[in-house]
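Note: the block below is run16.cif and it holds mmCIF, C-alpha atoms.
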```
data_coords
#
loop_
_atom_site.label_atom_id
_atom_site.label_comp_id
_atom_site.auth_asym_id
_atom_site.auth_seq_id
_atom_site.Cartn_x
_atom_site.Cartn_y
_atom_site.Cartn_z
CA MET A 29 3.54 -8.27 -17.84
CA LYS A 30 2.41 -4.69 -18.34
CA ARG A 31 5.11 -2.16 -17.51
CA LEU A 32 5.12 1.56 -17.12
CA PRO A 33 5.86 3.31 -20.43
CA LYS A 34 8.98 5.39 -20.91
CA THR A 35 6.89 8.55 -21.21
CA GLU A 36 5.36 7.94 -17.77
CA LEU A 37 8.73 7.61 -16.07
CA GLN A 38 10.09 10.65 -17.89
CA ARG A 39 7.04 12.67 -16.82
CA ARG A 40 7.63 11.79 -13.18
CA ARG A 41 11.30 12.72 -13.30
CA ARG A 42 10.61 16.00 -15.05
CA ALA A 43 7.91 16.85 -12.49
CA LEU A 44 10.34 16.16 -9.64
CA MET A 45 13.11 18.27 -11.13
CA ARG A 46 10.75 21.16 -11.88
CA MET A 47 9.98 21.36 -8.15
CA MET A 48 13.63 21.30 -7.12
CA GLU A 49 15.42 24.56 -6.42
CA ASP A 50 18.12 25.79 -8.78
CA ASN A 51 21.59 24.34 -8.39
CA SER A 52 20.37 21.26 -6.54
CA ILE A 53 20.75 17.48 -6.66
CA ALA A 54 18.38 14.68 -5.59
CA ILE A 55 19.67 11.32 -4.39
CA ILE A 56 17.69 8.20 -3.59
CA ALA A 57 19.08 4.77 -2.71
CA ALA A 58 17.54 1.40 -3.46
CA ALA A 59 16.21 -0.64 -0.56
CA PRO A 60 18.89 -2.81 1.06
CA GLU A 61 18.57 -6.58 1.04
CA ARG A 62 17.39 -7.98 4.37
CA THR A 63 18.58 -11.19 6.02
CA ARG A 64 15.84 -13.58 7.09
CA ASN A 65 18.07 -16.01 8.92
CA ARG A 66 21.72 -16.94 8.59
CA ASP A 67 22.46 -16.88 4.83
CA VAL A 68 18.82 -16.65 3.66
CA ASP A 69 17.43 -13.27 2.58
CA TYR A 70 13.83 -12.10 2.58
CA PRO A 71 12.35 -11.83 -0.93
CA TYR A 72 13.59 -8.50 -2.25
CA ARG A 73 11.17 -5.60 -2.60
CA GLN A 74 12.42 -2.32 -4.02
CA ASP A 75 11.92 0.94 -2.12
CA SER A 76 8.66 2.44 -3.38
CA ASP A 77 10.05 5.95 -3.96
CA PHE A 78 12.98 4.49 -5.89
CA LEU A 79 10.62 2.30 -7.92
CA TYR A 80 8.34 5.27 -8.66
CA LEU A 81 11.16 7.23 -10.30
CA THR A 82 13.15 4.44 -11.95
CA ASP A 83 11.06 1.24 -12.36
CA PHE A 84 14.38 -0.44 -11.47
CA SER A 85 14.01 -3.38 -9.09
CA GLU A 86 17.63 -4.36 -8.34
CA PRO A 87 19.34 -3.78 -4.97
CA GLU A 88 22.69 -1.99 -4.60
CA SER A 89 21.54 0.90 -6.76
CA VAL A 90 21.46 4.68 -6.37
CA ALA A 91 19.49 7.13 -8.53
CA VAL A 92 20.67 10.73 -8.94
CA PHE A 93 18.74 13.63 -10.46
CA ILE A 94 20.49 16.86 -11.46
CA PRO A 95 18.26 19.40 -13.23
CA GLU A 96 19.76 20.99 -16.35
CA ARG A 97 22.95 18.91 -16.25
CA GLU A 98 24.21 18.96 -19.83
CA GLN A 99 25.54 15.39 -19.77
CA GLY A 100 22.19 14.05 -18.58
CA GLU A 101 19.81 14.71 -15.71
CA PHE A 102 19.05 11.15 -14.57
CA LEU A 103 22.00 9.01 -13.49
CA LEU A 104 21.82 5.48 -12.17
CA PHE A 105 24.52 3.63 -10.25
CA CYS A 106 23.98 -0.14 -10.34
CA ARG A 107 25.76 -3.48 -10.25
CA GLU A 108 27.86 -4.43 -13.25
CA ARG A 109 27.12 -7.49 -15.34
CA ASP A 110 28.97 -10.47 -13.85
CA PRO A 111 28.46 -13.93 -15.40
CA LYS A 112 29.66 -15.72 -12.27
CA MET A 113 27.37 -13.79 -9.88
CA GLU A 114 24.46 -13.96 -12.32
CA THR A 115 24.82 -17.75 -12.42
CA TRP A 116 24.31 -17.83 -8.67
CA HIS A 117 21.83 -15.00 -8.08
CA GLY A 118 20.12 -14.08 -11.35
CA ARG A 119 20.46 -11.61 -14.20
CA ARG A 120 21.53 -7.99 -13.81
CA ALA A 121 20.79 -5.06 -16.05
CA GLY A 122 24.24 -3.51 -15.71
CA PRO A 123 24.96 0.13 -16.62
CA GLU A 124 24.21 -0.53 -20.29
CA GLY A 125 20.83 -2.06 -19.44
CA ALA A 126 20.10 0.87 -17.13
CA ILE A 127 20.39 3.17 -20.13
CA ASN A 128 18.72 0.97 -22.74
CA ASN A 129 15.91 -0.54 -20.67
CA TYR A 130 15.35 1.93 -17.83
CA TYR A 131 16.05 5.14 -19.76
CA ALA A 132 18.85 6.52 -17.59
CA ASP A 133 20.73 9.36 -19.26
CA ASP A 134 23.96 7.96 -17.86
CA ALA A 135 24.87 4.95 -15.72
CA PHE A 136 27.89 3.85 -13.72
CA PRO A 137 28.98 0.79 -11.75
CA ILE A 138 27.93 1.04 -8.11
CA ALA A 139 31.51 0.15 -7.17
CA ASP A 140 32.60 3.54 -8.56
CA ILE A 141 30.14 5.67 -6.57
CA ASP A 142 32.76 6.88 -4.05
CA GLU A 143 34.83 8.33 -6.89
CA ILE A 144 31.96 9.87 -8.87
CA LEU A 145 29.20 11.07 -6.53
CA PRO A 146 31.29 13.52 -4.45
CA GLY A 147 32.10 15.34 -7.68
CA LEU A 148 28.40 15.54 -8.52
CA LEU A 149 27.70 17.03 -5.07
CA GLU A 150 30.40 19.65 -5.49
CA HIS A 151 29.11 23.16 -6.28
CA ARG A 152 25.51 22.11 -5.53
CA SER A 153 23.80 24.24 -2.92
CA ARG A 154 20.97 21.83 -1.96
CA VAL A 155 20.67 18.09 -1.61
CA TYR A 156 17.18 16.53 -1.81
CA TYR A 157 17.42 13.36 0.22
CA THR A 158 15.37 11.53 2.86
CA MET A 159 17.33 10.85 6.02
CA GLY A 160 16.50 7.92 8.26
CA LYS A 161 15.38 5.29 5.74
CA ASP A 162 18.80 3.64 5.39
CA GLN A 163 21.29 4.44 8.14
CA SER A 164 24.18 2.92 6.21
CA PHE A 165 23.60 5.12 3.18
CA ASP A 166 22.97 8.16 5.42
CA THR A 167 26.47 7.67 6.81
CA GLN A 168 27.95 7.23 3.34
CA LEU A 169 26.36 10.45 2.07
CA LEU A 170 27.52 12.45 5.09
CA ASP A 171 31.03 11.07 4.61
CA TRP A 172 31.02 12.45 1.04
CA ILE A 173 29.97 15.85 2.38
CA LYS A 174 32.78 15.75 4.96
CA GLN A 175 35.21 14.81 2.21
CA LEU A 176 34.17 17.88 0.22
CA ARG A 177 34.46 20.16 3.25
CA ARG A 178 38.12 19.27 3.55
CA GLY A 179 38.63 21.00 0.21
CA VAL A 180 36.81 24.26 1.02
CA ARG A 181 40.05 26.23 1.34
CA SER A 182 41.01 25.23 -2.19
CA GLY A 183 37.74 26.56 -3.62
CA VAL A 184 35.47 23.54 -3.31
CA SER A 185 31.80 24.49 -2.80
CA VAL A 186 29.80 22.28 -0.42
CA PRO A 187 26.00 21.82 -0.25
CA HIS A 188 24.67 23.95 2.60
CA GLU A 189 21.10 22.65 2.80
CA PHE A 190 19.38 19.27 2.95
CA VAL A 191 15.73 19.09 1.86
CA ASP A 192 13.49 16.10 2.60
CA LEU A 193 12.87 14.44 -0.77
CA GLU A 194 9.70 12.78 0.55
CA TYR A 195 8.01 16.16 0.95
CA ILE A 196 7.91 16.54 -2.84
CA LEU A 197 7.78 12.94 -3.93
CA HIS A 198 4.93 11.76 -1.74
CA GLU A 199 2.64 14.52 -2.92
CA MET A 200 3.34 13.40 -6.50
CA ARG A 201 2.64 9.76 -5.66
CA LEU A 202 -0.74 10.58 -4.12
CA PHE A 203 -2.26 11.40 -7.52
CA LYS A 204 -2.40 8.36 -9.79
CA SER A 205 -1.87 8.61 -13.55
CA ARG A 206 -3.69 6.61 -16.21
CA SER A 207 -0.75 4.21 -16.41
CA GLU A 208 -0.83 3.64 -12.67
CA LEU A 209 -4.59 3.13 -12.65
CA ARG A 210 -4.25 0.54 -15.42
CA LEU A 211 -1.95 -1.45 -13.13
CA MET A 212 -4.21 -0.98 -10.11
CA ARG A 213 -7.24 -2.20 -12.05
CA GLU A 214 -5.25 -5.29 -13.01
CA ALA A 215 -4.32 -5.84 -9.36
CA ALA A 216 -8.02 -5.53 -8.48
CA LYS A 217 -8.95 -8.08 -11.16
CA ILE A 218 -6.48 -10.66 -9.86
CA THR A 219 -7.61 -10.01 -6.29
CA HIS A 220 -11.20 -10.58 -7.43
CA ASP A 221 -10.24 -14.04 -8.69
CA ALA A 222 -8.54 -14.85 -5.38
CA HIS A 223 -11.51 -13.90 -3.20
CA VAL A 224 -14.00 -15.70 -5.44
CA ARG A 225 -11.80 -18.80 -5.35
CA ALA A 226 -11.67 -18.65 -1.53
CA MET A 227 -15.46 -18.35 -1.25
CA SER A 228 -16.00 -21.16 -3.72
CA VAL A 229 -13.85 -23.75 -1.95
CA CYS A 230 -14.52 -22.85 1.70
CA ARG A 231 -16.12 -25.61 3.77
CA PRO A 232 -16.35 -26.38 7.51
CA GLY A 233 -13.45 -28.53 8.67
CA MET A 234 -10.89 -26.88 6.40
CA HIS A 235 -8.10 -24.82 7.92
CA GLU A 236 -7.37 -21.14 7.50
CA PHE A 237 -4.05 -21.95 5.82
CA GLU A 238 -5.85 -24.01 3.17
CA ILE A 239 -7.91 -20.97 2.21
CA GLU A 240 -4.77 -18.83 2.26
CA ALA A 241 -3.18 -21.34 -0.12
CA GLU A 242 -6.06 -20.88 -2.57
CA ILE A 243 -5.56 -17.12 -2.43
CA LEU A 244 -1.82 -17.47 -2.98
CA HIS A 245 -2.48 -19.80 -5.92
CA ALA A 246 -4.65 -17.16 -7.60
CA PHE A 247 -1.94 -14.53 -7.06
CA ARG A 248 1.04 -16.57 -8.20
CA ARG A 249 -0.64 -18.00 -11.31
CA GLU A 250 -0.76 -14.39 -12.54
CA ASN A 251 2.88 -13.79 -11.52
CA THR A 252 1.92 -11.50 -8.65
CA GLU A 253 2.56 -11.66 -4.92
CA PRO A 254 0.59 -10.73 -1.81
CA ALA A 255 0.77 -6.99 -1.22
CA TYR A 256 0.81 -7.77 2.52
CA PRO A 257 0.49 -10.89 4.70
CA SER A 258 -3.00 -12.24 4.11
CA ILE A 259 -5.43 -12.25 7.03
CA VAL A 260 -7.61 -15.37 7.06
CA GLY A 261 -9.47 -15.39 10.36
CA GLY A 262 -12.33 -17.73 11.18
CA GLY A 263 -14.73 -17.05 14.06
CA GLU A 264 -12.99 -15.40 17.00
CA ASN A 265 -9.83 -14.88 14.91
CA GLY A 266 -11.73 -12.44 12.72
CA CYS A 267 -11.89 -10.13 15.74
CA ILE A 268 -8.09 -9.74 15.70
CA LEU A 269 -7.40 -6.88 13.32
CA HIS A 270 -3.96 -8.01 12.14
CA TYR A 271 -4.36 -11.75 12.61
CA THR A 272 -1.83 -13.64 10.44
CA GLU A 273 -1.30 -17.02 12.12
CA ASN A 274 -3.86 -18.52 9.72
CA ASN A 275 -3.62 -21.98 11.27
CA ALA A 276 -6.97 -22.68 12.94
CA ALA A 277 -9.72 -25.04 11.83
CA LEU A 278 -12.82 -23.46 10.27
CA LYS A 279 -15.95 -24.21 12.29
CA ASP A 280 -19.47 -24.75 11.02
CA GLY A 281 -21.57 -21.72 11.93
CA ASP A 282 -18.69 -19.24 12.12
CA LEU A 283 -17.83 -16.36 9.80
CA LEU A 284 -14.54 -16.13 7.90
CA LEU A 285 -12.85 -12.75 7.44
CA ILE A 286 -10.31 -12.53 4.62
CA ASP A 287 -8.18 -9.43 4.11
CA ALA A 288 -5.99 -10.11 1.08
CA GLY A 289 -4.77 -8.26 -1.98
CA CYS A 290 -2.12 -8.76 -4.62
CA GLU A 291 0.71 -6.51 -5.72
CA TYR A 292 0.92 -6.10 -9.48
CA GLN A 293 4.00 -4.39 -10.92
CA GLY A 294 4.51 -2.75 -7.54
CA TYR A 295 0.90 -1.52 -7.14
CA ALA A 296 -1.26 -2.89 -4.35
CA SER A 297 -4.84 -3.99 -4.07
CA ASP A 298 -6.36 -4.20 -0.58
CA VAL A 299 -9.68 -6.00 -0.13
CA THR A 300 -11.58 -7.54 2.76
CA ARG A 301 -14.58 -9.83 2.52
CA THR A 302 -16.44 -11.68 5.26
CA PHE A 303 -18.68 -14.68 4.63
CA PRO A 304 -20.20 -17.71 6.43
CA ILE A 305 -17.98 -20.78 6.45
CA ASN A 306 -20.96 -23.07 5.77
CA GLY A 307 -22.33 -20.83 3.03
CA GLN A 308 -25.39 -19.51 4.90
CA PHE A 309 -25.57 -16.44 7.14
CA SER A 310 -27.39 -17.01 10.41
CA LYS A 311 -29.98 -14.38 11.33
CA PRO A 312 -27.65 -12.52 13.77
CA GLN A 313 -24.75 -12.75 11.31
CA ARG A 314 -26.91 -11.36 8.53
CA ALA A 315 -28.10 -8.48 10.73
CA LEU A 316 -24.57 -7.46 11.68
CA TYR A 317 -23.25 -7.98 8.15
CA ASP A 318 -26.03 -5.85 6.65
CA LEU A 319 -25.14 -3.09 9.09
CA VAL A 320 -21.46 -3.07 8.08
CA LEU A 321 -22.43 -3.15 4.41
CA LYS A 322 -24.81 -0.23 4.92
CA ALA A 323 -22.03 1.69 6.68
CA GLN A 324 -19.66 1.01 3.80
CA GLN A 325 -22.20 2.15 1.23
CA ALA A 326 -22.75 5.37 3.19
CA ALA A 327 -19.00 5.93 3.38
CA ILE A 328 -18.44 5.28 -0.33
CA ALA A 329 -21.19 7.78 -1.17
CA GLN A 330 -19.07 10.45 0.56
CA ALA A 331 -15.96 9.61 -1.49
CA THR A 332 -16.37 12.43 -4.01
CA PRO A 333 -14.22 15.40 -5.01
CA GLY A 334 -14.75 18.40 -2.78
CA ASN A 335 -15.54 16.34 0.32
CA HIS A 336 -12.78 15.98 2.86
CA TRP A 337 -10.90 12.89 3.93
CA ASN A 338 -12.90 12.36 7.11
CA ASP A 339 -16.37 12.49 5.49
CA PRO A 340 -16.47 8.74 4.64
CA HIS A 341 -15.36 7.85 8.18
CA HIS A 342 -17.96 10.10 9.76
CA ALA A 343 -20.71 8.60 7.56
CA ALA A 344 -19.67 5.04 8.49
CA VAL A 345 -19.54 5.84 12.20
CA GLN A 346 -23.00 7.42 12.10
CA VAL A 347 -24.55 4.36 10.44
CA LEU A 348 -22.74 1.88 12.70
CA THR A 349 -23.75 3.70 15.87
CA GLU A 350 -27.40 3.92 14.79
CA GLY A 351 -27.41 0.24 13.84
CA LEU A 352 -25.74 -0.95 17.04
CA LEU A 353 -28.33 1.02 18.97
CA GLU A 354 -31.20 -0.57 17.01
CA LEU A 355 -29.76 -4.06 17.57
CA GLY A 356 -29.45 -3.44 21.30
CA ILE A 357 -25.67 -3.81 21.32
CA LEU A 358 -25.30 -0.17 22.34
CA LYS A 359 -27.72 1.48 24.75
CA GLY A 360 -28.55 5.12 25.37
CA SER A 361 -29.24 8.16 23.23
CA LEU A 362 -27.73 8.39 19.76
CA GLU A 363 -26.43 11.90 20.42
CA LYS A 364 -24.59 10.86 23.57
CA LEU A 365 -23.25 7.64 22.00
CA MET A 366 -21.82 9.66 19.10
CA GLU A 367 -20.39 12.26 21.43
CA GLU A 368 -18.70 9.61 23.58
CA HIS A 369 -17.47 7.59 20.56
CA SER A 370 -19.09 4.50 22.07
CA TYR A 371 -18.73 2.65 18.77
CA ARG A 372 -14.99 2.32 19.44
CA ARG A 373 -15.63 -0.75 21.60
CA PHE A 374 -16.58 -2.56 18.40
CA TYR A 375 -14.98 -0.43 15.66
CA MET A 376 -11.54 0.78 16.68
CA HIS A 377 -9.85 1.70 13.38
CA ARG A 378 -10.26 4.35 10.72
CA THR A 379 -12.44 3.78 7.65
CA GLY A 380 -9.64 3.84 5.12
CA HIS A 381 -6.19 4.86 3.94
CA TRP A 382 -4.41 5.90 0.75
CA LEU A 383 -3.47 3.07 -1.64
CA GLY A 384 -0.82 2.80 -4.34
CA LEU A 385 2.76 1.52 -4.44
CA ASP A 386 2.38 0.94 -0.70
CA VAL A 387 -0.66 -0.68 0.87
CA HIS A 388 -0.81 2.19 3.34
CA ASP A 389 0.33 4.62 0.70
CA VAL A 390 1.99 7.98 1.17
CA GLY A 391 0.27 11.36 1.27
CA ASP A 392 -0.84 13.80 3.94
CA TYR A 393 -4.29 13.35 5.47
CA LYS A 394 -4.34 16.77 7.07
CA PHE A 395 -2.99 20.25 6.40
CA GLU A 396 -2.65 22.46 9.49
CA ASP A 397 -5.20 20.37 11.41
CA GLU A 398 -7.72 20.53 8.54
CA TRP A 399 -8.74 17.31 6.82
CA ARG A 400 -7.54 17.10 3.25
CA ILE A 401 -10.00 17.72 0.41
CA LEU A 402 -10.53 14.72 -1.87
CA GLU A 403 -9.44 15.28 -5.48
CA PRO A 404 -9.56 13.25 -8.71
CA GLY A 405 -6.70 10.78 -9.03
CA MET A 406 -6.55 9.85 -5.35
CA VAL A 407 -7.09 6.18 -4.48
CA MET A 408 -8.26 5.15 -1.03
CA THR A 409 -9.73 2.17 0.76
CA ILE A 410 -13.06 2.22 2.53
CA GLU A 411 -13.28 -0.52 5.17
CA PRO A 412 -15.73 -0.21 8.07
CA GLY A 413 -16.04 -3.17 10.39
CA LEU A 414 -17.43 -4.53 13.64
CA TYR A 415 -15.62 -6.86 16.03
CA ILE A 416 -17.33 -8.58 18.96
CA PRO A 417 -15.16 -11.26 20.59
CA ALA A 418 -16.51 -13.80 23.04
CA ASP A 419 -17.29 -12.68 26.59
CA THR A 420 -17.78 -9.07 25.51
CA ARG A 421 -19.29 -7.42 28.56
CA GLY A 422 -22.91 -6.34 28.20
CA VAL A 423 -23.39 -7.98 24.78
CA ARG A 424 -25.67 -10.98 24.23
CA LYS A 425 -24.00 -14.25 23.31
CA GLN A 426 -25.64 -14.38 19.86
CA TRP A 427 -23.26 -11.60 18.73
CA TRP A 428 -20.06 -13.14 20.11
CA ASN A 429 -17.11 -14.19 17.93
CA MET A 430 -18.20 -12.07 15.00
CA GLY A 431 -15.54 -10.10 13.16
CA ILE A 432 -16.94 -8.42 10.04
CA ARG A 433 -15.07 -6.05 7.73
CA ILE A 434 -15.91 -5.09 4.15
CA GLU A 435 -13.21 -3.26 2.24
CA ASP A 436 -12.97 -1.91 -1.31
CA ASP A 437 -10.52 0.23 -3.27
CA ILE A 438 -11.97 3.56 -4.39
CA LEU A 439 -10.69 5.96 -7.06
CA ILE A 440 -11.81 9.57 -6.76
CA THR A 441 -12.91 10.80 -10.21
CA ALA A 442 -14.07 14.14 -11.58
CA GLU A 443 -17.66 12.82 -11.58
CA GLY A 444 -17.54 11.11 -8.19
CA HIS A 445 -15.76 7.80 -7.68
CA GLU A 446 -15.00 4.41 -9.21
CA ILE A 447 -14.95 1.25 -7.10
CA LEU A 448 -11.94 -0.59 -8.51
CA THR A 449 -12.88 -3.79 -6.67
CA GLU A 450 -16.63 -3.62 -7.28
CA ARG A 451 -16.83 -7.05 -8.97
CA ILE A 452 -15.77 -8.93 -5.85
CA PRO A 453 -19.02 -10.28 -4.31
CA LYS A 454 -20.19 -8.62 -1.11
CA ALA A 455 -24.00 -8.62 -1.28
CA PRO A 456 -25.02 -11.44 1.12
CA ASP A 457 -27.38 -13.11 -1.36
CA GLU A 458 -24.63 -13.07 -4.00
CA ILE A 459 -22.15 -14.61 -1.58
CA GLU A 460 -24.56 -17.38 -0.58
CA ALA A 461 -25.35 -18.15 -4.22
CA LEU A 462 -21.65 -18.34 -5.11
CA MET A 463 -20.90 -20.68 -2.22
CA ALA A 464 -23.87 -22.93 -3.06
CA ALA A 465 -22.82 -23.32 -6.71
#
```
Whole structure, structure tokens version:
Amino acid sequence: MKRLPKTELQRRRRALMRMMEDNSIAIIAAAPERTRNRDVDYPYRQDSDFLYLTDFSEPESVAVFIPEREQGEFLLFCRERDPKMETWHGRRAGPEGAINNYYADDAFPIADIDEILPGLLEHRSRVYYTMGKDQSFDTQLLDWIKQLRRGVRSGVSVPHEFVDLEYILHEMRLFKSRSELRLMREAAKITHDAHVRAMSVCRPGMHEFEIEAEILHAFRRENTEPAYPSIVGGGENGCILHYTENNAALKDGDLLLIDAGCEYQGYASDVTRTFPINGQFSKPQRALYDLVLKAQQAAIAQATPGNHWNDPHHAAVQVLTEGLLELGILKGSLEKLMEEHSYRRFYMHRTGHWLGLDVHDVGDYKFEDEWRILEPGMVMTIEPGLYIPADTRGVRKQWWNMGIRIEDDILITAEGHEILTERIPKAPDEIEALMAA
């Protein structure tokens, strides 16, 4: 498995500490383990901010950053090695592994944090920390501050300001490095294999969960996991934006919408493809599909540096509204339909979102009510769609039960953009040829 190099992690930590005020400390806790039911936990996934700065994937850990601390600027509290516990629950890095394998300057057992961390907080004026993510750790941190305040009369100095760590960290995460893009391209490659496999095996009479199983097979054989619950919606189920039941039979003559992407070394891919279950688009299906594809192409053309975040969405909406008018699904003047946002009956979501360690990745979309300008290094999705469930008022029956979305992952480059997921078939003739093979 490809991992982030030491230099990449050191660069991130240095960048964070350069933006911190003098005489400050940053603290970030690992994600807690979550109980699924009784004594069964959900599969563990590290907090993305914690992972970004440490590459450390164990729970019960706390990372501390203290600029210009002579004994070391990056400290990691983690579980100690324990042969008995490791026999039951798997290997641990331990403090020694935290230093040797994760490049901490110093490391301590998590059991000792109550004795050590208050001393690190002492004489620091600012604490960079994100409140509200973990109520239990919030309480623990505030208890340490209260403990220090009891010593004020004896000369103890207590932090007087809390600064939201996310404000700095999420702006850093928005711009992807070469190392990050290498991992995202790998995630896109594995996701390509999954979607091609799904198209290749799909036949009427199968069930949505069988197709989901093929996708999961492609992910797990490369030691990756779904970045989010896969959406596999046939016919009317494709009109449900976050459909995840994935248990219905696939009917001859219906479309199948699949929204699925893998997570590789923490980095997500997010792709949607829509195709005919029997391998051949009907004439109405082809007309609506071509319209969504045209809208996506118009949106992708706007994904260039210097344009703002909303330009791709505006381009997609313009094309979709014009096309729906031409097909007779919308009626009236184009100007009035655009002004009234009439497309929202059939296209009710935005055209994309940031992508990275989180599927809906961090980063501001607006500054002071102005859409953000696109810059090289940003990665976004572009995913226009149309959804026309059965019995839609005023729409002819030939359009019913069609849910169509086409989604790709787009990197903004100095020259324009790169479609990270470009190899995944989406041209209708290409899809039909693949399914006929």
For this structure, which residues satisfy the selection - the PyMOL selection byres ((chain A and resi 438) around 10) - when it is evaluated on the file as given? I want them as a ChimeraX atom specification.
/A:328,331-332,380,382-383,406-410,435-437,439-441,445-450
Extract, using all atoms listed in the file, all DNA, RNA and protein residues at most 12 Å from Arg39 (chain A), discarding same-chain residues fewer than 2 positions from it, and format them as a list in words.
Leu32, Pro33, Lys34, Thr35, Glu36, Leu37, Arg41, Arg42, Ala43, Leu44, Met45, Arg46, Tyr80, Leu81, Thr82, Met200, Ser205 and Ser207 of chain A
Selection dump of the PyMOL selection byres ((chain A and resi 262) around 7), as a VMD selection string
chain A and resid 260 to 261 263 to 266 278 282 to 285
I need the residue set behind the PyMOL selection byres ((chain A and resi 71) around 12) for this file; please write it as number ranges by chain.
A: 59-64, 68-70, 72-74, 85-87, 253-254
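You will find CA of Asp386 (chain A) at 27.1 Å from CA of Phe374 (chain A).
Residue nearest Glu403 (chain A), chosen from A:Asn335, A:Gln346, A:Ser185, A:Gln313 and counting only C-alpha atoms: A:Asn335.
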Centre and edge lengths of an axis-aligned box around all listed atoms of region 39-50 of chain A, with 6 Å added on each side, are to be given in Å to one decimal, as JSON.
```
{"center_x": 12.6, "center_y": 18.8, "center_z": -11.6, "size_x": 23.1, "size_y": 26.0, "size_z": 22.4}
```
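Residues with any atom within 10 Å of Arg372 (chain A), counting all atoms listed in the file and excluding same-chain neighbours fewer than 3 positions away, are Val345, Thr349, Glu368, His369, Tyr375, Met376, His377, Leu414 and Tyr415 of chain A.
The two atoms in question, CA of Cys290 (chain A) and CA of Arg451 (chain A), are spaced 15.4 Å apart.
Atom pair CA of Ala326 (chain A) / CA of Val347 (chain A): separated by 7.5 Å.
If only C-alpha atoms are the atoms counted, then among A:Glu236, A:Asp110, A:Asp77, A:Asp133 the closest residue to Asn275 (chain A) is A:Glu236.
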Name the closest residue to Ala222 (chain A) among the candidates A:Phe247, A:Tyr371, A:Phe93, A:Trp427; distances are taken between atoms, counting all atoms listed in the file.
A:Phe247
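Between Val423 (chain A) and the residues A:Gly356, A:Ile259, A:Trp399, A:Cys267, the shortest atom-to-atom distance, using only C-alpha atoms, involves A:Gly356.
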Counting only C-alpha atoms, which residues of region 56-95 of chain A sit at most 10 Å from some atom of region 165-182 of chain A, and what is each one's closest atom pair with its distance in Å to one decimal, listed by chain and rising residue number, as a Markdown table?
```
| residue | atom | partner | partner_atom | distance |
| --- | --- | --- | --- | --- |
| A:Ile56 | CA | A:Phe165 | CA | 9.5 |
| A:Ala57 | CA | A:Phe165 | CA | 7.4 |
| A:Ala58 | CA | A:Phe165 | CA | 9.7 |
| A:Pro60 | CA | A:Phe165 | CA | 9.5 |
| A:Val90 | CA | A:Phe165 | CA | 9.8 |
```
Between A:Ile432, A:Ala327, A:Leu197, A:Met234, single out the one closest to Gly391 (chain A), counting all atoms listed in the file.
A:Leu197
Here's a test: counting all atoms listed in the file, identify every protein, DNA and RNA residue with an atom at most 8 Å from (-0.1, -5.9, -4.7) in the file's coordinate frame, and state them as a short mmCIF file (atom, residue, chain, number, x, y, z; two decimals) with C-alpha atoms, keeping the file's coordinate frame.
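Result file is result_5.cif:
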```
data_model
loop_
_atom_site.label_atom_id
_atom_site.label_comp_id
_atom_site.auth_asym_id
_atom_site.auth_seq_id
_atom_site.Cartn_x
_atom_site.Cartn_y
_atom_site.Cartn_z
CA ALA A 215 -4.32 -5.84 -9.36
CA THR A 252 1.92 -11.50 -8.65
CA GLU A 253 2.56 -11.66 -4.92
CA PRO A 254 0.59 -10.73 -1.81
CA ALA A 255 0.77 -6.99 -1.22
CA TYR A 256 0.81 -7.77 2.52
CA GLY A 289 -4.77 -8.26 -1.98
CA CYS A 290 -2.12 -8.76 -4.62
CA GLU A 291 0.71 -6.51 -5.72
CA TYR A 292 0.92 -6.10 -9.48
CA GLN A 293 4.00 -4.39 -10.92
CA GLY A 294 4.51 -2.75 -7.54
CA TYR A 295 0.90 -1.52 -7.14
CA ALA A 296 -1.26 -2.89 -4.35
CA SER A 297 -4.84 -3.99 -4.07
CA ASP A 298 -6.36 -4.20 -0.58
CA LEU A 385 2.76 1.52 -4.44
CA VAL A 387 -0.66 -0.68 0.87
#
```
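Every protein, DNA or RNA residue with an atom at most 10 Å from Ile243 (chain A), where all atoms listed in the file count and chain neighbours fewer than 6 positions away do not, is listed here: Ile218, Thr219, His220, Asp221, Ala222, His223, Val224, Arg225, Ala226, Phe237, Pro254, Ser258, Val260, Ile286, Ala288, Gly289 and Cys290 of chain A.
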Let me make sure I understand: among A:Asn274, A:Glu208, A:Glu350, A:Gly125, which one has the smallest atom-to-atom distance to Lys364 (chain A) if we use only C-alpha atoms?
A:Glu350
Just want the 7 Å neighbourhood of Leu193 (chain A), counted on all atoms listed in the file, with same-chain residues fewer than 2 positions away dropped. Output as a count of residues only.
7
Could you write region 72-76 of chain A as a PDB file, in the frame of the given file, with N, CA and C atoms rebuilt where they are missing?
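Wrote result.pdb, looks like this:
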```
ATOM      1  N   TYR A  72      13.243  -9.919  -2.105  1.00  0.00           N
ATOM      2  CA  TYR A  72      13.590  -8.500  -2.250  1.00  0.00           C
ATOM      3  C   TYR A  72      12.407  -7.699  -2.772  1.00  0.00           C
ATOM      4  N   ARG A  73      12.182  -6.553  -2.140  1.00  0.00           N
ATOM      5  CA  ARG A  73      11.170  -5.600  -2.600  1.00  0.00           C
ATOM      6  C   ARG A  73      11.828  -4.221  -2.650  1.00  0.00           C
ATOM      7  N   GLN A  74      11.791  -3.613  -3.826  1.00  0.00           N
ATOM      8  CA  GLN A  74      12.420  -2.320  -4.020  1.00  0.00           C
ATOM      9  C   GLN A  74      11.731  -1.233  -3.195  1.00  0.00           C
ATOM     10  N   ASP A  75      12.480  -0.237  -2.759  1.00  0.00           N
ATOM     11  CA  ASP A  75      11.920   0.940  -2.120  1.00  0.00           C
ATOM     12  C   ASP A  75      10.903   1.598  -3.051  1.00  0.00           C
ATOM     13  N   SER A  76       9.745   1.950  -2.524  1.00  0.00           N
ATOM     14  CA  SER A  76       8.660   2.440  -3.380  1.00  0.00           C
ATOM     15  C   SER A  76       8.986   3.766  -4.048  1.00  0.00           C
TER      16      SER A  76
END
```
